[in-house]
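Visitor: So here's work_37.txt (compact mmCIF, C-alpha atoms).
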```txt
# COMPACT_ATOMS: atom_id res chain seq x y z
CA MET A 1 -21.88 -70.91 -125.88
CA ASN A 2 -20.35 -73.47 -128.23
CA THR A 3 -16.64 -74.02 -128.97
CA GLU A 4 -16.67 -71.85 -132.04
CA GLU A 5 -18.18 -68.93 -130.15
CA LYS A 6 -15.68 -69.37 -127.33
CA ASP A 7 -12.87 -69.27 -129.89
CA ILE A 8 -14.26 -66.07 -131.41
CA ASP A 9 -14.28 -64.45 -127.95
CA LEU A 10 -10.72 -65.62 -127.34
CA ILE A 11 -9.50 -64.37 -130.70
CA GLU A 12 -11.18 -61.00 -130.10
CA LYS A 13 -9.43 -60.66 -126.74
CA TYR A 14 -6.13 -61.48 -128.40
CA LEU A 15 -6.67 -58.95 -131.19
CA GLU A 16 -7.50 -56.27 -128.61
CA GLY A 17 -4.33 -57.08 -126.68
CA LYS A 18 -6.35 -58.17 -123.67
CA LEU A 19 -4.91 -61.66 -123.29
CA GLN A 20 -2.22 -61.77 -120.65
CA GLY A 21 0.10 -64.09 -118.80
CA ALA A 22 -0.74 -67.79 -118.99
CA ASP A 23 -3.78 -67.20 -121.23
CA TYR A 24 -1.59 -65.40 -123.75
CA GLN A 25 1.04 -68.18 -123.72
CA GLU A 26 -1.63 -70.82 -124.13
CA PHE A 27 -3.07 -68.93 -127.08
CA LYS A 28 0.31 -68.66 -128.79
CA SER A 29 1.02 -72.38 -128.29
CA ARG A 30 -2.33 -73.28 -129.74
CA LEU A 31 -1.67 -71.07 -132.76
CA ALA A 32 1.60 -72.89 -133.38
CA GLU A 33 0.04 -76.36 -133.12
CA ASP A 34 -3.48 -75.94 -134.48
CA GLU A 35 -3.61 -74.97 -138.16
CA GLU A 36 -7.38 -74.63 -138.10
CA PHE A 37 -7.22 -72.23 -135.16
CA ASN A 38 -4.57 -70.22 -136.97
CA GLN A 39 -6.90 -70.04 -139.95
CA SER A 40 -9.74 -68.82 -137.70
CA LEU A 41 -7.49 -66.06 -136.37
CA MET A 42 -6.64 -64.89 -139.88
CA GLU A 43 -10.29 -64.92 -140.89
CA MET A 44 -11.34 -62.89 -137.85
CA GLU A 45 -8.55 -60.38 -138.50
CA THR A 46 -9.85 -59.91 -142.03
CA MET A 47 -13.47 -59.62 -140.90
CA VAL A 48 -12.71 -57.13 -138.13
CA SER A 49 -10.43 -55.00 -140.34
CA GLY A 50 -13.08 -55.02 -143.05
CA ILE A 51 -15.88 -54.04 -140.67
CA ARG A 52 -13.78 -51.19 -139.28
CA TYR A 53 -12.88 -50.07 -142.80
CA THR A 54 -16.57 -50.04 -143.71
CA GLY A 55 -17.49 -48.09 -140.59
CA ARG A 56 -14.74 -45.57 -141.25
CA GLN A 57 -15.78 -45.06 -144.87
CA LYS A 58 -19.32 -44.32 -143.73
CA VAL A 59 -18.19 -41.61 -141.33
CA ILE A 60 -15.89 -40.12 -143.96
CA GLN A 61 -18.75 -40.02 -146.44
CA GLU A 62 -20.93 -38.31 -143.84
CA LEU A 63 -18.27 -35.65 -143.29
CA LYS A 64 -17.99 -35.10 -147.04
CA ARG A 65 -21.74 -34.82 -147.28
CA LEU A 66 -21.76 -32.32 -144.44
CA GLU A 67 -18.95 -30.37 -146.09
CA SER A 68 -20.72 -30.23 -149.45
CA GLY A 69 -23.70 -28.55 -147.82
CA LEU A 70 -21.68 -25.79 -146.18
CA PRO A 71 -20.76 -22.47 -147.82
CA GLN A 72 -17.27 -22.22 -149.30
CA PRO A 73 -14.89 -20.98 -146.60
CA GLY A 74 -13.95 -17.31 -146.83
CA GLN A 75 -16.98 -16.30 -148.84
CA PRO A 76 -19.21 -13.77 -147.12
CA ALA A 77 -22.84 -14.69 -146.59
CA GLU A 78 -25.16 -12.98 -149.09
CA THR A 79 -26.82 -10.86 -146.44
CA LYS A 80 -23.60 -9.39 -144.97
CA VAL A 81 -23.67 -5.59 -145.10
CA LEU A 82 -20.38 -3.97 -146.14
CA PRO A 83 -19.31 -0.81 -144.30
CA ILE A 84 -19.81 2.34 -146.44
CA ARG A 85 -18.41 5.67 -145.29
CA ARG A 86 -20.51 8.42 -146.77
CA PHE A 87 -24.07 8.77 -145.53
CA LYS A 88 -25.71 9.31 -148.92
CA THR A 89 -23.90 6.37 -150.47
CA TRP A 90 -24.69 4.36 -147.38
CA ALA A 91 -28.40 5.12 -147.61
CA ALA A 92 -28.49 4.29 -151.32
CA ALA A 93 -26.51 1.10 -150.78
CA ALA A 94 -28.76 0.09 -147.91
CA ALA A 95 -31.82 0.58 -150.09
CA ILE A 96 -30.36 -1.47 -152.91
CA LEU A 97 -29.27 -4.15 -150.48
CA LEU A 98 -32.72 -4.32 -148.96
CA ILE A 99 -34.26 -4.82 -152.39
CA ALA A 100 -31.63 -7.39 -153.34
CA VAL A 101 -32.03 -9.33 -150.10
CA THR A 102 -35.82 -9.36 -150.47
CA ALA A 103 -35.54 -10.51 -154.06
CA MET A 104 -33.04 -13.18 -153.10
CA TRP A 105 -35.27 -14.33 -150.26
CA LEU A 106 -38.23 -14.61 -152.58
CA VAL A 107 -36.23 -16.41 -155.26
CA THR A 108 -34.35 -18.79 -153.01
CA ARG A 109 -37.06 -19.54 -150.48
CA GLY A 110 -38.45 -22.51 -152.34
CA PRO A 111 -35.18 -24.02 -153.58
CA VAL A 112 -33.46 -23.50 -150.17
CA ASP A 113 -35.93 -25.94 -148.60
CA GLN A 114 -35.25 -28.35 -151.44
CA GLN A 115 -31.53 -27.91 -150.96
CA GLU A 116 -31.90 -28.83 -147.31
CA LEU A 117 -33.99 -31.84 -148.27
CA PHE A 118 -31.42 -32.87 -150.83
CA ILE A 119 -28.64 -32.62 -148.26
CA SER A 120 -30.58 -34.67 -145.73
CA TYR A 121 -31.38 -37.44 -148.22
CA TYR A 122 -28.29 -37.60 -150.40
CA GLN A 123 -25.57 -40.14 -149.63
CA PRO A 124 -22.91 -41.05 -152.19
CA TYR A 125 -23.29 -44.63 -153.37
CA PRO A 126 -20.33 -46.81 -152.37
CA ASN A 127 -18.03 -48.16 -155.05
CA LEU A 128 -19.01 -51.80 -155.31
CA GLU A 129 -17.83 -52.17 -158.85
CA LEU A 130 -14.07 -51.97 -159.11
CA PRO A 131 -11.75 -52.91 -156.27
CA THR A 132 -9.15 -50.15 -156.29
CA THR A 133 -6.03 -52.21 -155.91
CA ARG A 134 -3.50 -53.28 -158.47
CA SER A 135 -0.26 -55.18 -158.64
CA ASN A 136 3.03 -53.37 -158.26
CA GLU A 137 4.04 -53.92 -161.84
CA SER A 138 0.98 -52.99 -163.87
CA PRO A 139 0.35 -49.27 -164.36
CA ILE A 140 -2.87 -47.92 -162.93
CA SER A 141 -5.49 -47.72 -165.67
CA LEU A 142 -7.59 -44.64 -166.27
CA LYS A 143 -10.68 -46.51 -165.16
CA GLU A 144 -8.98 -47.54 -161.90
CA GLN A 145 -7.93 -43.93 -161.37
CA ALA A 146 -11.52 -42.86 -161.81
CA TYR A 147 -12.81 -45.30 -159.21
CA LEU A 148 -9.95 -44.53 -156.85
CA ALA A 149 -10.71 -40.83 -157.04
CA TYR A 150 -14.38 -41.68 -156.40
CA ASP A 151 -13.43 -43.77 -153.36
CA LEU A 152 -11.29 -40.97 -151.98
CA GLY A 153 -14.15 -38.52 -152.39
CA GLN A 154 -12.24 -36.54 -155.01
CA TYR A 155 -15.28 -36.17 -157.19
CA GLU A 156 -13.97 -33.39 -159.39
CA GLN A 157 -11.05 -35.62 -160.35
CA ALA A 158 -13.32 -38.64 -160.76
CA VAL A 159 -15.50 -36.72 -163.21
CA LYS A 160 -12.45 -35.79 -165.28
CA TYR A 161 -11.24 -39.39 -165.42
CA PHE A 162 -14.67 -40.75 -166.29
CA ASP A 163 -15.05 -38.04 -168.97
CA ASN A 164 -11.84 -39.28 -170.59
CA LEU A 165 -12.80 -42.95 -170.53
CA SER A 166 -15.20 -42.54 -173.53
CA GLY A 167 -15.07 -45.83 -175.47
CA GLU A 168 -14.02 -47.89 -172.46
CA ARG A 169 -16.99 -46.99 -170.31
CA ASN A 170 -19.54 -49.71 -169.72
CA ASP A 171 -23.05 -49.15 -168.39
CA ILE A 172 -22.09 -49.41 -164.74
CA ASP A 173 -19.23 -46.96 -165.30
CA ASP A 174 -21.85 -44.57 -166.66
CA PHE A 175 -23.72 -44.92 -163.38
CA TYR A 176 -20.66 -44.00 -161.30
CA TRP A 177 -19.83 -41.22 -163.76
CA ALA A 178 -23.26 -39.77 -163.10
CA LEU A 179 -22.80 -40.09 -159.36
CA SER A 180 -19.38 -38.44 -159.50
CA ASN A 181 -21.07 -35.46 -161.14
CA MET A 182 -23.75 -35.46 -158.49
CA SER A 183 -21.23 -35.43 -155.64
CA ASN A 184 -19.31 -32.73 -157.51
CA GLN A 185 -22.34 -30.41 -157.29
CA GLN A 186 -23.24 -30.93 -160.97
CA PRO A 187 -26.81 -32.20 -160.80
CA GLU A 188 -27.55 -31.11 -164.39
CA ALA A 189 -24.82 -33.37 -165.74
CA ALA A 190 -25.89 -36.13 -163.34
CA GLU A 191 -29.47 -35.82 -164.60
CA SER A 192 -28.63 -36.29 -168.27
CA LEU A 193 -26.20 -39.13 -167.52
CA LEU A 194 -28.68 -40.96 -165.32
CA LYS A 195 -31.40 -40.57 -167.93
CA ALA A 196 -29.07 -41.97 -170.58
CA TYR A 197 -28.21 -44.88 -168.29
CA LEU A 198 -31.87 -45.66 -167.64
CA GLU A 199 -32.68 -45.55 -171.34
CA LYS A 200 -30.02 -48.14 -172.08
CA GLY A 201 -31.99 -50.76 -170.25
CA ASP A 202 -29.17 -52.08 -168.07
CA SER A 203 -30.98 -53.32 -165.01
CA SER A 204 -28.24 -53.82 -162.44
CA MET A 205 -28.37 -50.30 -160.98
CA ARG A 206 -31.78 -49.30 -162.29
CA GLY A 207 -33.37 -48.77 -158.90
CA GLN A 208 -30.41 -46.80 -157.60
CA ALA A 209 -30.29 -44.68 -160.78
CA GLN A 210 -33.95 -43.77 -160.41
CA TRP A 211 -33.44 -42.74 -156.79
CA TYR A 212 -30.47 -40.54 -157.64
CA LEU A 213 -32.27 -39.03 -160.62
CA ALA A 214 -35.09 -38.04 -158.29
CA LEU A 215 -32.53 -36.37 -156.05
CA ALA A 216 -30.86 -34.66 -159.01
CA TYR A 217 -34.25 -33.16 -159.95
CA LEU A 218 -34.69 -32.05 -156.35
CA LYS A 219 -31.31 -30.34 -156.23
CA GLN A 220 -32.20 -28.36 -159.35
CA GLY A 221 -35.57 -27.34 -157.96
CA LYS A 222 -37.46 -29.52 -160.46
CA THR A 223 -39.97 -30.54 -157.83
CA ASN A 224 -42.64 -31.97 -160.15
CA GLU A 225 -40.23 -34.26 -161.96
CA SER A 226 -38.80 -35.35 -158.62
CA GLN A 227 -42.22 -36.10 -157.17
CA ASP A 228 -43.29 -38.07 -160.25
CA LEU A 229 -40.23 -40.25 -160.09
CA LEU A 230 -40.44 -40.73 -156.33
CA THR A 231 -44.06 -41.83 -156.74
CA LEU A 232 -42.96 -44.40 -159.31
CA ILE A 233 -40.25 -45.66 -156.96
CA VAL A 234 -42.76 -46.08 -154.14
CA GLU A 235 -45.33 -47.78 -156.38
CA THR A 236 -42.85 -50.27 -157.78
CA GLN A 237 -41.21 -50.74 -154.35
CA SER A 238 -37.91 -49.98 -155.99
CA HIS A 239 -34.55 -49.21 -154.34
CA ASN A 240 -34.97 -46.87 -151.34
CA PHE A 241 -38.75 -46.84 -151.71
CA LYS A 242 -39.17 -46.18 -147.98
CA LYS A 243 -36.93 -43.13 -148.14
CA ALA A 244 -38.75 -42.07 -151.30
CA SER A 245 -42.01 -42.26 -149.42
CA THR A 246 -40.85 -40.05 -146.55
CA LEU A 247 -39.26 -37.60 -148.98
CA LEU A 248 -42.53 -37.35 -150.87
CA GLU A 249 -44.28 -36.50 -147.62
CA GLU A 250 -41.81 -33.73 -146.91
CA LEU A 251 -42.19 -32.34 -150.42
CA LYS A 252 -45.93 -31.84 -150.03
CA MET B 253 -14.65 -23.52 -123.39
CA SER B 254 -13.78 -25.20 -120.11
CA LEU B 255 -12.14 -28.58 -120.18
CA SER B 256 -15.06 -30.26 -118.48
CA GLU B 257 -16.97 -29.36 -121.64
CA GLU B 258 -14.29 -31.18 -123.60
CA LYS B 259 -14.99 -34.23 -121.42
CA GLN B 260 -18.69 -33.96 -122.17
CA ILE B 261 -18.00 -33.82 -125.89
CA ILE B 262 -15.82 -36.92 -125.71
CA ASP B 263 -18.36 -38.85 -123.65
CA ARG B 264 -21.18 -38.01 -126.02
CA ILE B 265 -19.21 -38.92 -129.12
CA ARG B 266 -18.10 -42.16 -127.52
CA ALA B 267 -21.73 -42.99 -126.80
CA GLY B 268 -22.53 -42.62 -130.51
CA ASP B 269 -23.73 -39.02 -130.72
CA THR B 270 -22.99 -38.25 -134.37
CA GLN B 271 -24.72 -34.87 -134.15
CA MET B 272 -22.02 -33.80 -131.73
CA LEU B 273 -19.34 -34.73 -134.26
CA SER B 274 -21.13 -32.71 -136.94
CA LYS B 275 -21.31 -29.77 -134.55
CA ILE B 276 -17.57 -29.97 -133.87
CA TYR B 277 -16.93 -30.19 -137.60
CA GLU B 278 -18.86 -27.01 -138.33
CA GLU B 279 -17.55 -25.14 -135.32
CA HIS B 280 -13.84 -25.25 -136.16
CA ARG B 281 -13.98 -25.55 -139.93
CA GLU B 282 -13.56 -21.98 -141.13
CA GLU B 283 -10.78 -21.15 -138.73
CA PHE B 284 -8.93 -24.36 -139.64
CA PHE B 285 -9.18 -23.69 -143.39
CA PHE B 286 -8.04 -20.12 -142.95
CA TRP B 287 -5.05 -21.16 -140.86
CA LEU B 288 -4.02 -24.13 -143.01
CA THR B 289 -4.31 -22.39 -146.37
CA LYS B 290 -2.44 -19.37 -145.04
CA TYR B 291 0.46 -21.13 -143.31
CA PHE B 292 0.92 -24.11 -145.59
CA ASN B 293 -0.05 -22.47 -148.85
CA CYS B 294 -2.35 -25.32 -149.81
CA SER B 295 -5.53 -25.37 -151.87
CA SER B 296 -8.95 -25.33 -150.28
CA GLU B 297 -9.52 -28.88 -151.54
CA GLU B 298 -6.42 -30.05 -149.74
CA ALA B 299 -7.48 -28.14 -146.63
CA LYS B 300 -10.81 -29.99 -146.68
CA ASP B 301 -9.02 -33.36 -146.91
CA VAL B 302 -6.65 -32.50 -144.08
CA TYR B 303 -9.49 -31.19 -141.91
CA GLN B 304 -11.61 -34.29 -142.49
CA ASN B 305 -8.60 -36.44 -141.68
CA ALA B 306 -8.07 -34.52 -138.43
CA ILE B 307 -11.72 -34.97 -137.48
CA MET B 308 -11.43 -38.70 -138.21
CA VAL B 309 -8.30 -39.02 -136.05
CA PHE B 310 -10.13 -37.20 -133.23
CA TYR B 311 -13.23 -39.37 -133.66
CA GLU B 312 -11.43 -42.70 -133.90
CA ASN B 313 -9.20 -42.01 -130.91
CA ILE B 314 -12.36 -41.39 -128.91
CA ILE B 315 -14.12 -44.57 -129.99
CA LYS B 316 -10.96 -46.64 -129.51
CA GLY B 317 -10.81 -45.36 -125.96
CA LYS B 318 -7.44 -43.67 -126.55
CA LEU B 319 -8.91 -40.24 -125.91
CA THR B 320 -10.99 -40.19 -122.74
CA ASP B 321 -10.21 -36.70 -121.51
CA MET B 322 -8.29 -33.71 -122.78
CA THR B 323 -5.79 -31.25 -121.42
CA SER B 324 -6.18 -29.04 -124.47
CA THR B 325 -9.21 -27.83 -126.36
CA VAL B 326 -10.71 -29.70 -129.31
CA LYS B 327 -9.54 -26.86 -131.55
CA THR B 328 -5.92 -27.22 -130.43
CA TYR B 329 -6.12 -30.97 -130.94
CA LEU B 330 -7.47 -30.64 -134.48
CA PHE B 331 -4.88 -28.01 -135.39
CA ALA B 332 -2.08 -30.22 -134.03
CA VAL B 333 -3.25 -33.19 -136.10
CA GLY B 334 -3.59 -30.97 -139.16
CA LYS B 335 -0.10 -29.59 -138.74
CA TYR B 336 1.34 -33.09 -138.33
CA LYS B 337 -0.44 -34.28 -141.47
CA MET B 338 0.87 -31.34 -143.52
CA MET B 339 4.43 -31.93 -142.29
CA GLU B 340 4.16 -35.61 -143.24
CA GLN B 341 2.90 -34.75 -146.69
CA LYS B 342 5.70 -32.28 -147.24
CA LYS B 343 8.26 -34.94 -146.24
CA GLN B 344 6.75 -37.38 -148.76
CA SER B 345 6.78 -34.88 -151.60
CA TYR B 346 10.42 -33.94 -150.93
CA ARG B 347 11.35 -37.60 -151.29
CA PHE B 348 10.70 -37.39 -155.04
CA SER B 349 12.17 -33.94 -155.64
CA GLY B 350 14.52 -33.49 -158.56
CA GLU B 351 12.34 -35.56 -160.89
CA GLU B 352 9.19 -34.52 -162.68
CA GLN B 353 6.51 -35.20 -160.14
CA ILE B 354 3.00 -34.52 -159.04
CA PRO B 355 3.64 -34.53 -155.27
CA HIS B 356 0.04 -35.02 -154.21
CA LEU B 357 -0.53 -37.99 -156.51
CA GLN B 358 2.83 -39.52 -155.61
CA ALA B 359 2.01 -39.33 -151.91
CA GLU B 360 -1.25 -41.17 -152.56
CA GLU B 361 0.51 -43.88 -154.58
CA THR B 362 2.86 -44.53 -151.70
CA THR B 363 -0.07 -44.89 -149.31
CA LEU B 364 -1.91 -47.12 -151.80
CA GLU B 365 1.05 -49.47 -152.07
CA ASP B 366 1.10 -49.86 -148.30
CA LEU B 367 -2.57 -50.82 -148.25
CA GLN B 368 -2.44 -52.77 -151.50
CA GLU B 369 -2.40 -56.25 -150.04
CA GLU B 370 -5.15 -55.59 -147.55
CA GLU B 371 -7.36 -53.27 -149.55
CA LYS B 372 -8.73 -55.98 -151.80
CA ASP B 373 -9.98 -57.89 -148.76
CA LEU B 374 -11.25 -54.77 -147.00
CA LYS B 375 -13.37 -53.75 -149.98
CA LEU B 376 -14.68 -57.27 -150.30
CA VAL B 377 -15.77 -57.32 -146.64
CA GLU B 378 -17.40 -53.93 -147.24
CA ARG B 379 -19.29 -55.39 -150.17
CA CYS B 380 -20.34 -58.43 -148.14
CA LEU B 381 -21.62 -56.21 -145.32
CA HIS B 382 -23.62 -54.27 -147.86
CA LEU B 383 -25.09 -57.49 -149.24
CA LEU B 384 -25.79 -58.87 -145.77
CA GLY B 385 -27.71 -55.74 -144.86
CA ASP B 386 -29.31 -55.09 -141.49
CA PRO B 387 -29.41 -56.10 -138.68
CA CYS B 388 -25.98 -57.71 -139.14
CA ARG B 389 -24.40 -54.74 -140.86
CA THR B 390 -25.39 -52.28 -138.12
CA LEU B 391 -24.70 -54.67 -135.26
CA LEU B 392 -21.23 -55.57 -136.48
CA GLU B 393 -20.32 -51.93 -137.10
CA LEU B 394 -21.58 -50.85 -133.70
CA TYR B 395 -19.58 -53.59 -132.02
CA TYR B 396 -16.32 -53.68 -133.97
CA TYR B 397 -16.04 -50.12 -135.27
CA GLN B 398 -17.92 -47.95 -132.76
CA ARG B 399 -16.82 -50.36 -130.03
CA LEU B 400 -20.06 -50.05 -128.13
CA SER B 401 -20.60 -52.58 -125.36
CA MET B 402 -23.11 -55.40 -125.69
CA ALA B 403 -25.36 -53.60 -123.21
CA GLU B 404 -25.23 -50.37 -125.22
CA ILE B 405 -25.98 -52.21 -128.45
CA THR B 406 -28.85 -54.10 -126.82
CA THR B 407 -30.43 -50.77 -125.86
CA SER B 408 -29.65 -49.07 -129.16
CA MET B 409 -31.07 -51.87 -131.29
CA ASP B 410 -33.91 -52.56 -128.87
CA TYR B 411 -33.12 -56.23 -128.33
CA LYS B 412 -34.50 -58.38 -125.51
CA ASN B 413 -31.28 -58.78 -123.54
CA VAL B 414 -27.50 -58.97 -123.83
CA ASN B 415 -27.57 -62.70 -124.61
CA THR B 416 -29.86 -62.15 -127.58
CA THR B 417 -27.45 -59.54 -128.90
CA LYS B 418 -24.42 -61.78 -128.30
CA ASN B 419 -26.00 -64.71 -130.14
CA LEU B 420 -26.93 -62.50 -133.03
CA LYS B 421 -23.39 -61.15 -133.17
CA TYR B 422 -21.98 -64.69 -133.52
CA LYS B 423 -24.51 -65.52 -136.22
CA CYS B 424 -23.67 -62.35 -138.10
CA ILE B 425 -19.93 -63.03 -138.01
CA GLN B 426 -20.54 -66.55 -139.34
CA ARG B 427 -22.75 -65.20 -142.12
CA LEU B 428 -20.18 -62.58 -143.01
CA LYS B 429 -17.39 -65.16 -143.17
CA LYS B 430 -19.53 -67.44 -145.33
CA MET B 431 -20.44 -64.65 -147.71
CA PHE B 432 -16.81 -63.55 -147.92
CA ASP B 433 -15.74 -67.08 -148.88
CA GLU B 434 -18.48 -67.30 -151.50
CA GLU B 435 -17.56 -63.94 -153.00
CA MET B 436 -13.86 -64.89 -153.04
CA LYS B 437 -14.70 -68.00 -155.06
CA LYS B 438 -16.47 -65.87 -157.65
CA LYS B 439 -13.35 -63.77 -158.28
```
Can you dump the structure from the file as structure tokens?
Guide:
Amino acid sequence: MNTEEKDIDLIEKYLEGKLQGADYQEFKSRLAEDEEFNQSLMEMETMVSGIRYTGRQKVIQELKRLESGLPQPGQPAETKVLPIRRFKTWAAAAAILLIAVTAMWLVTRGPVDQQELFISYYQPYPNLELPTTRSNESPISLKEQAYLAYDLGQYEQAVKYFDNLSGERNDIDDFYWALSNMSNQQPEAAESLLKAYLEKGDSSMRGQAQWYLALAYLKQGKTNESQDLLTLIVETQSHNFKKASTLLEELK
Amino acid sequence: MSLSEEKQIIDRIRAGDTQMLSKIYEEHREEFFFWLTKYFNCSSEEAKDVYQNAIMVFYENIIKGKLTDMTSTVKTYLFAVGKYKMMEQKKQSYRFSGEEQIPHLQAEETTLEDLQEEEKDLKLVERCLHLLGDPCRTLLELYYYQRLSMAEITTSMDYKNVNTTKNLKYKCIQRLKKMFDEEMKKK
């Protein structure tokens, strides 16, 4: 272990509150005398805070993803049978229900599998575009509000803000606008926005846009379109091509 | 649920069992929403935010080692955190009463101002981790966020031994610092 590594260990112990007694005093004295060591402490604080922030955001996104796949609270499941008092009405209702349930089962059987696949593969893309901070004095711009809402997982709000940006939106904003729609359970809107983005020819998020478009198709039950695009992603070894490959397998 | 089951839940979550956390999330969700929306008259969107916050508090207290065993059930814990959060939010919104206000947005602005100075750096580190990719990204998160031990990480990431993992951790921190400095220069 070299000096730098020893210092990292020491700084970690300090940050965890595990330095005590003489070790703690020695550390504090060194901080006061050694500017470089002080600098190292500040850097490690930033790194550790940032790593923890990143980890936290991931878990939060996972919870939001889990939430988005669950039925709205308070709504009865489609197959719940409501109590009916009179026998004749009950029998008729039961018959209708049986037909309805069968029909629903037949209609939703395919797409339900695709919904589950969508849920297992979809993860919101992190905001790497606009840091959502601002100075005290300047008012928060509409664009910043859009990205902030996106960061906070308030996708319905984010969509509204992005909608209102119109002239100010650049290509990358279009990408996040599409993704806000996707996370807001609007895959149709996401599809047309992603297609428009891809047609523009901006290459920075091309791979990601293709991946999400494939998922948007999947969510809408457009299996063929999804498979075609996933095949293209695998062939060109584009963004998430490994995931695309396993998804293709599961779609067969 | 007996309290020894609570202990099992905590131990499993601490060891990195994310399925367990998902299970907890689903188990108490409906009841929490029903209770919160009824007693605090909030929207279902707000209830979702408060619930997810409560789950995060529960989760992070476990991984930080602050919650190693429980004298109450997980449900009671989550409800207590939820109640506390709602009371805090109500206090914040009352602070601006008398003027035209959107309490929810105002509360967020206050929180944003607190984090303002640090958030720029946090997001930049997040970006750098994303650019660094694996194995550094996973290793650093397992060590600094999940707070797994070197031995646990060595097993989880299938490395040769603890020393290999330690050396890689140092390298990853150096790479992260370097990338952070480079990205700062670009801004």
Visitor: At a cut-off of 7 Å, using only C-alpha atoms, what residues contact region 112-126 of chain A? Leave out same-chain residues fewer than 6 positions from it and give the result as a ChimeraX atom specification.
Guide: /A:65,69,183,215,218-219,221
Visitor: Per residue of chain A within 6 Å of chain B, what are the shortest atom pair and its distance in Å to one decimal, counting only C-alpha atoms, with rows by chain and residue number, as CSV?
Guide:
```
residue,atom,partner,partner_atom,distance
A:Gly50,CA,B:Leu374,CA,4.4
A:Arg52,CA,B:Tyr397,CA,4.7
A:Thr54,CA,B:Glu378,CA,5.3
A:Gly55,CA,B:Tyr397,CA,5.9
A:Pro73,CA,B:Glu282,CA,5.7
A:Thr133,CA,B:Gln368,CA,5.7
```
Visitor: Can you tell me which residues surround Ile276 (chain B) at a distance of at most 9 Å, considering all atoms listed in the file, apart from same-chain residues fewer than 4 positions away, and format the answer as a list in words?
Guide: Ile261, Gln271, Met272, His280, Arg281, Ile307, Val326 and Lys327 of chain B
Visitor: Show which residues sit within 9 Å of Trp211 (chain A), as number ranges by chain. Count all atoms listed in the file, and ignore same-chain residues fewer than 6 positions away.
Guide: A: 229-230, 233, 238-241, 244
Visitor: Identify the residues within 6 Å of coordinate (-25.8, -45.4, -166.8) (same frame as the file), considering only C-alpha atoms, and give the answer as a ChimeraX atom specification.
Guide: /A:171-172,174-175,194,197
Visitor: Quick one: distance from CA of Glu12 (chain A) to CA of Thr417 (chain B) in Å, one decimal?
Guide: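 Straight-line distance from CA of Glu12 (chain A) to CA of Thr417 (chain B) works out to 16.4 Å.
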Visitor: To one decimal place, how far is CA of Tyr150 (chain A) from CA of Tyr176 (chain A) in Å?
Guide: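 For CA of Tyr150 (chain A) relative to CA of Tyr176 (chain A), the distance reads 8.3 Å.
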Visitor: Looking at B:Ile262, B:Ala306, B:Cys424, B:Cys388, which one is nearest to Met409 (chain B), with distances taken over only C-alpha atoms?
Guide: B:Cys388
Visitor: Nearest to Lys337 (chain B) among B:Met322, B:Leu391, B:Lys316, B:Glu298, with distances taken over only C-alpha atoms: which residue is it?
Guide: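 Closest to Lys337 (chain B), using only C-alpha atoms: B:Glu298.
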Visitor: Can you tell me how far CA of Asn38 (chain A) sits from CA of Tyr53 (chain A), in Å to one decimal?
Guide: 22.6 Å
Visitor: Taking all atoms of region 416-431 of chain B that appear in the file, build a box with edges along x, y and z, extend it by 4 Å on every side, and state its centre and edge lengths in Å to one decimal, as AutoDock Vina command-line options.
Guide:
```
--center_x -23.6 --center_y -63.5 --center_z -137.6 --size_x 20.5 --size_y 15.9 --size_z 28.1
```
Visitor: Which residues come within 9 Å of Lys259 (chain B), counting all atoms listed in the file, excluding same-chain residues fewer than 3 positions away, as a ChimeraX atom specification?
Guide: /B:255-256,262-264,320-322
Visitor: Please save C-alpha atoms of the selected residues as a PDB file, keeping the file's coordinate frame.
Guide:
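Output file out.pdb is given in full below:
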```
ATOM      1  CA  LEU B 255     -12.140 -28.580-120.180  1.00  0.00           C
ATOM      2  CA  SER B 256     -15.060 -30.260-118.480  1.00  0.00           C
ATOM      3  CA  ILE B 262     -15.820 -36.920-125.710  1.00  0.00           C
ATOM      4  CA  ASP B 263     -18.360 -38.850-123.650  1.00  0.00           C
ATOM      5  CA  ARG B 264     -21.180 -38.010-126.020  1.00  0.00           C
ATOM      6  CA  THR B 320     -10.990 -40.190-122.740  1.00  0.00           C
ATOM      7  CA  ASP B 321     -10.210 -36.700-121.510  1.00  0.00           C
ATOM      8  CA  MET B 322      -8.290 -33.710-122.780  1.00  0.00           C
TER       9      MET B 322
END
```
Visitor: Pick the closest to Tyr291 (chain B) from B:Ile314, B:Met338, B:Leu384, B:Leu330: which is it, counting all atoms listed in the file?
Guide: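 With all atoms listed in the file as the atom set, the closest residue is B:Met338.
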Visitor: Which residues are near Met182 (chain A)? Cut-off 10 Å, all atoms listed in the file, ignore same chain within fewer than 3 positions. Put them as a PyMOL selection string.
Guide: chain A and resi 122+124+155+159+176-179+185-191+212-213+215-216+219
